[in-house]
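Below you'll find the structure, written out as structure tokens, and then a few comments.
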Amino acid sequence: MESGMISVDKWSSGSQAYFLTHLHADHTAGLSSTWNRGPLFCSRLTAKLFPCKFPGFDLSLLRVLDIGCWHSLSLITPSSGSTAAVSVKAIDAQHCPGSVMYLFRGEFGCMLFTGDFRWEKIGNGMEIARTMLLDALKNETLDILYLDNTYCNPRYSFPSRELAARQVVDIINSHPKHDIIIGIDSLGKEDLLLYISRALNIKIWVWPERLQILHLLGFHDHFTTQTSLTRVRAVPRYSFSVETLEGLNSLRPTIGVMPSGLPWAEKALKRKGTLFGSFPSDIKMHDLSGDSKNIARRYHEYIYVVPYSDHSCFSEIQEFIELLRPINIKGIVSSSSSYIDPCYYFGHLCGTKQAYWRIHRKVENEEGIDRVEADETKSAEENTASSVAGRKRKIDQVDFLGIRVSRVSLLRRLSHGVKIAHNEYLS
DNA sequence: GCGATCAGTT
DNA sequence: CACAACTGATCGC
């Protein structure tokens with residue numbers, strides 16, 4: 001607890017500088033309007049949205065980091081008491097408005113914390129982020145990559161958001177007389193709504209608090225709170241249900257579109273035995289869904305589910321890792337029923353592991369990945385957070401030379417026989 | 001009233 | 001059933 005210098009998306013006491021990647025609730029747990037633990041760094045857009053999420057927050061504590069610019073911090077090394085220079089750069093994470101990754105450089109080396117991110121080729125955002133990352137790294141190696149490993153499994157394959165958006169428009173067009181309900185959260189998926197609005201040349205209804213956020217984001221023309229102006233309404237996801245749709249249909253013909261859900265996992269790699277027995281590098285890693293076949297699924301008489309994701313799919317994670325070639329990777333999300341250490345799949349792409357893997361493969365071709373995983377677990381200096389009571393949800397803390405990041409986790413540690421390389425939760 | 005945690009929902 | 005993101009109930013202060 002006392003050795004931390006920097007925290008990312010983690011809000012317990014003991015750090016000298018706190019970094020927020022984005023404003024979704026699962027990354028702000030512990031933050032509140034009464035925050036008084038010192039400066040909090042975030043992107044300009046996140047700072048702008050901040051008062052909506054935390055009214056009364058002392059905004060003088062916010063430190064805006066402009067995307068692509070290095071910022072220097074002078075921190076105190078807890079052990080020696082001497083000052084240590086740390087540089088940090090924020091890079092667009094393409095997850096939701098304001099979301100960023102943080103690249104840190106200091107005496108400890110180089111580390112990147114992705115927060116939640118999407119690494120898709122479509123659109124120019126990824127090219128810009130790519131250039132920024134490579135420029136920032138130059139020839140230096142990335143020592144640790146703290147990775148959004150939400151969908152770090154080959155069974156997760158889904159299309160670009162633009163393609164998914166096109167599918168939503170197709171669904172709407174094929175129901176010209178229907179009202180349309182789209183389930184969204186309080187932040188995120190704005191591009192989808194804009195795409196629909198532009199493609200159909202109609203406004204989209206949103207609830208008042210959501211309109212306020214959209215206005216802060218600079219979208220003034222495409223949204224309204226007047227029901228009479230449009231047949232397309234975006235509603236809070238928690239108010240989107242079979243019952244809601246059935247109720248609405250007793251008034252007027254209405255369909256619901258849910259841009260998320262997980263129908264993607266259905267097809268690929270059902271056979272777990274094959275998955276676990278296979279050599280990571282043998283897995284077919286390129287995405288199966290290049291074409292616009294029926295990616296949208298009819299989930300119910302009135303409900304369609306479209307795989308619109310703000311997290312990277314497996315092949316995107318792979319490309320990201322191939323680009324950066326980090327020495328080590330840590331997943332920031334552990335949801336144990338499906339959690340697999342990123343190194344299970346990508347250890348062979350990592351800096352030192354790469355050499356290790358090549359030699360190892362030559363010597364004994366049959367060897368599984370257990371040794372690699374074992375090495376992984378040993379290499380991290382980790383300690384558990386202050387013995388939390390709950391067993392379902394827990395945020396753990398990881399120490400790496402004084403830098404602490406959160407491990408956002410839903411610890412549903414059921415059976416499933418999934419390999420869990422990390423054992424730091426058990427103390 | 002506030003913050004943290006837990007259960008439950010799409 | 002997988003997930004992320006969220007609401008609402010409850011508990012302790």
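Please note that chains go A, B, ... in the order of the structure tokens, that every chain numbers its residues from 1, and that ligands are numbered from 1 in the order shown.
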Which chain B residues have any atom within 9 Å of an atom of chain A, and for each, what is the nearest pair of atoms with distance in Å to one decimal, counting only C-alpha atoms (C1' of nucleotides), rows sorted by chain and number, as a Markdown table?
```
| residue | atom | partner | partner_atom | distance |
| --- | --- | --- | --- | --- |
| B:DG3 | C1' | A:Gly30 | CA | 8.1 |
| B:DA4 | C1' | A:Gly30 | CA | 8.0 |
| B:DT5 | C1' | A:Gly390 | CA | 6.9 |
| B:DC6 | C1' | A:Gly390 | CA | 7.5 |
| B:DT9 | C1' | A:Tyr238 | CA | 6.7 |
| B:DT10 | C1' | A:Tyr238 | CA | 6.0 |
```
Write to file, as a compact mmCIF listing (two decimals), in the first residue's frame, the residues of the selection just made, with all heavy atoms.
```
# COMPACT_ATOMS: atom_id res chain seq x y z
P DG B 3 -19.09 10.28 -1.21
OP1 DG B 3 -17.95 11.19 -1.44
OP2 DG B 3 -20.16 10.14 -2.21
O5' DG B 3 -18.53 8.84 -0.87
C5' DG B 3 -17.74 8.64 0.29
C4' DG B 3 -17.54 7.17 0.51
O4' DG B 3 -18.76 6.59 1.02
C3' DG B 3 -17.18 6.40 -0.76
O3' DG B 3 -16.05 5.60 -0.49
C2' DG B 3 -18.43 5.56 -1.05
C1' DG B 3 -19.03 5.38 0.34
N9 DG B 3 -20.48 5.19 0.35
C8 DG B 3 -21.42 5.94 -0.31
N7 DG B 3 -22.64 5.52 -0.11
C5 DG B 3 -22.49 4.43 0.73
C6 DG B 3 -23.46 3.57 1.30
O6 DG B 3 -24.68 3.60 1.17
N1 DG B 3 -22.88 2.59 2.10
C2 DG B 3 -21.53 2.46 2.32
N2 DG B 3 -21.14 1.47 3.12
N3 DG B 3 -20.61 3.26 1.81
C4 DG B 3 -21.17 4.22 1.03
P DA B 4 -15.38 4.73 -1.61
OP1 DA B 4 -13.92 4.81 -1.41
OP2 DA B 4 -15.96 5.07 -2.92
O5' DA B 4 -15.85 3.26 -1.22
C5' DA B 4 -15.59 2.79 0.10
C4' DA B 4 -16.27 1.46 0.28
O4' DA B 4 -17.70 1.67 0.35
C3' DA B 4 -16.02 0.47 -0.86
O3' DA B 4 -15.57 -0.76 -0.31
C2' DA B 4 -17.37 0.34 -1.54
C1' DA B 4 -18.34 0.67 -0.42
N9 DA B 4 -19.60 1.23 -0.88
C8 DA B 4 -19.78 2.34 -1.68
N7 DA B 4 -21.03 2.62 -1.92
C5 DA B 4 -21.73 1.64 -1.24
C6 DA B 4 -23.10 1.38 -1.11
N6 DA B 4 -24.06 2.14 -1.67
N1 DA B 4 -23.47 0.31 -0.35
C2 DA B 4 -22.51 -0.43 0.21
N3 DA B 4 -21.19 -0.29 0.15
C4 DA B 4 -20.87 0.78 -0.59
P DT B 5 -15.09 -1.91 -1.29
OP1 DT B 5 -13.99 -2.63 -0.63
OP2 DT B 5 -14.95 -1.37 -2.64
O5' DT B 5 -16.36 -2.88 -1.27
C5' DT B 5 -16.94 -3.24 -0.01
C4' DT B 5 -18.22 -4.02 -0.25
O4' DT B 5 -19.27 -3.13 -0.65
C3' DT B 5 -18.11 -5.08 -1.36
O3' DT B 5 -18.56 -6.31 -0.82
C2' DT B 5 -19.04 -4.57 -2.45
C1' DT B 5 -20.04 -3.78 -1.63
N1 DT B 5 -20.78 -2.72 -2.36
C2 DT B 5 -22.15 -2.72 -2.30
O2 DT B 5 -22.79 -3.56 -1.68
N3 DT B 5 -22.77 -1.70 -2.99
C4 DT B 5 -22.14 -0.70 -3.72
O4 DT B 5 -22.80 0.15 -4.29
C5 DT B 5 -20.70 -0.76 -3.75
C7 DT B 5 -19.94 0.27 -4.50
C6 DT B 5 -20.10 -1.76 -3.07
P DC B 6 -18.43 -7.65 -1.64
OP1 DC B 6 -18.03 -8.70 -0.70
OP2 DC B 6 -17.67 -7.39 -2.86
O5' DC B 6 -19.96 -7.91 -2.04
C5' DC B 6 -20.97 -7.93 -1.02
C4' DC B 6 -22.32 -8.17 -1.64
O4' DC B 6 -22.80 -6.95 -2.24
C3' DC B 6 -22.31 -9.22 -2.76
O3' DC B 6 -23.43 -10.08 -2.61
C2' DC B 6 -22.40 -8.39 -4.03
C1' DC B 6 -23.21 -7.19 -3.56
N1 DC B 6 -22.96 -5.96 -4.34
C2 DC B 6 -24.05 -5.15 -4.71
O2 DC B 6 -25.18 -5.50 -4.36
N3 DC B 6 -23.82 -4.03 -5.42
C4 DC B 6 -22.57 -3.70 -5.77
N4 DC B 6 -22.39 -2.59 -6.46
C5 DC B 6 -21.45 -4.51 -5.40
C6 DC B 6 -21.69 -5.62 -4.69
P DT B 9 -32.53 -10.61 -12.18
OP1 DT B 9 -33.94 -10.74 -11.79
OP2 DT B 9 -31.70 -11.80 -12.48
O5' DT B 9 -32.45 -9.66 -13.45
C5' DT B 9 -32.75 -8.27 -13.37
C4' DT B 9 -32.12 -7.56 -14.54
O4' DT B 9 -30.73 -7.29 -14.23
C3' DT B 9 -32.09 -8.40 -15.82
O3' DT B 9 -33.06 -7.93 -16.76
C2' DT B 9 -30.67 -8.22 -16.38
C1' DT B 9 -30.02 -7.23 -15.45
N1 DT B 9 -28.60 -7.56 -15.18
C2 DT B 9 -27.62 -6.68 -15.60
O2 DT B 9 -27.88 -5.64 -16.17
N3 DT B 9 -26.35 -7.07 -15.33
C4 DT B 9 -25.95 -8.23 -14.69
O4 DT B 9 -24.76 -8.47 -14.51
C5 DT B 9 -27.02 -9.11 -14.29
C7 DT B 9 -26.69 -10.39 -13.60
C6 DT B 9 -28.28 -8.74 -14.54
P DT B 10 -33.24 -8.73 -18.09
OP1 DT B 10 -34.66 -8.56 -18.40
OP2 DT B 10 -32.64 -10.08 -17.98
O5' DT B 10 -32.38 -7.94 -19.16
C5' DT B 10 -32.64 -6.58 -19.44
C4' DT B 10 -31.59 -6.08 -20.41
O4' DT B 10 -30.29 -6.18 -19.76
C3' DT B 10 -31.50 -6.90 -21.70
O3' DT B 10 -31.59 -6.02 -22.80
C2' DT B 10 -30.13 -7.57 -21.66
C1' DT B 10 -29.36 -6.74 -20.67
N1 DT B 10 -28.40 -7.54 -19.86
C2 DT B 10 -27.11 -7.09 -19.72
O2 DT B 10 -26.70 -6.07 -20.24
N3 DT B 10 -26.32 -7.90 -18.96
C4 DT B 10 -26.66 -9.08 -18.32
O4 DT B 10 -25.85 -9.71 -17.68
C5 DT B 10 -28.04 -9.48 -18.51
C7 DT B 10 -28.53 -10.75 -17.87
C6 DT B 10 -28.83 -8.72 -19.24
```
- [ ] Name the residues in contact with Pro326 of chain A at a cut-off of 10 Å, using only C-alpha atoms (C1' of nucleotides), excluding same-chain residues fewer than 6 positions from it; report them as a list in words.
- [x]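 In the requested form, the answer reads Cys110, Met111, Leu112, Thr141, Leu142, Asp143, Ile144, Leu145, Tyr146, Gly347, Leu349, Cys350, Gly351, Thr352, Lys353 and Gln354 of chain A.
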Write out, as an mmCIF file, in the first residue's frame, the residues just selected, with C-alpha atoms.
```cif
data_model
loop_
_atom_site.group_PDB
_atom_site.id
_atom_site.type_symbol
_atom_site.label_atom_id
_atom_site.label_comp_id
_atom_site.auth_asym_id
_atom_site.auth_seq_id
_atom_site.Cartn_x
_atom_site.Cartn_y
_atom_site.Cartn_z
ATOM 1 C CA CYS A 110 8.954 1.770 -20.242
ATOM 2 C CA MET A 111 5.398 0.648 -19.704
ATOM 3 C CA LEU A 112 2.099 1.038 -21.424
ATOM 4 C CA THR A 141 11.708 -1.760 -25.645
ATOM 5 C CA LEU A 142 8.407 -1.813 -23.898
ATOM 6 C CA ASP A 143 9.046 -3.560 -20.633
ATOM 7 C CA ILE A 144 5.482 -4.161 -19.581
ATOM 8 C CA LEU A 145 2.238 -3.956 -21.449
ATOM 9 C CA TYR A 146 -0.819 -3.752 -19.215
ATOM 10 C CA GLY A 347 4.038 -15.168 -24.871
ATOM 11 C CA LEU A 349 5.606 -12.707 -29.338
ATOM 12 C CA CYS A 350 7.130 -11.080 -26.305
ATOM 13 C CA GLY A 351 10.656 -9.729 -26.294
ATOM 14 C CA THR A 352 12.555 -12.136 -24.122
ATOM 15 C CA LYS A 353 10.011 -14.863 -24.526
ATOM 16 C CA GLN A 354 10.501 -14.696 -28.226
#
```
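Near chain A, counting only C-alpha atoms (C1' of nucleotides) at 9 Å, the chain C residues are DA2, DC3, DA4, DA5, DC6 and DT7 of chain C.
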Would you export the selected residues with C-alpha atoms (C1' of nucleotides) as a short mmCIF file (atom, residue, chain, number, x, y, z; two decimals), in the first residue's frame, please?
```cif
data_model
loop_
_atom_site.label_atom_id
_atom_site.label_comp_id
_atom_site.auth_asym_id
_atom_site.auth_seq_id
_atom_site.Cartn_x
_atom_site.Cartn_y
_atom_site.Cartn_z
"C1'" DA C 2 -20.11 -16.31 -22.55
"C1'" DC C 3 -18.90 -9.64 -21.39
"C1'" DA C 4 -19.18 -4.80 -20.08
"C1'" DA C 5 -21.55 -1.46 -17.85
"C1'" DC C 6 -24.88 -0.27 -15.09
"C1'" DT C 7 -28.86 0.09 -11.30
#
```
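Residue neighbourhood of His300 of chain A, excluding near-sequence residues (fewer than 6 positions): A:Val242, A:Leu245, A:Ile255, A:Gly256, at 10 Å, using only C-alpha atoms (C1' of nucleotides).
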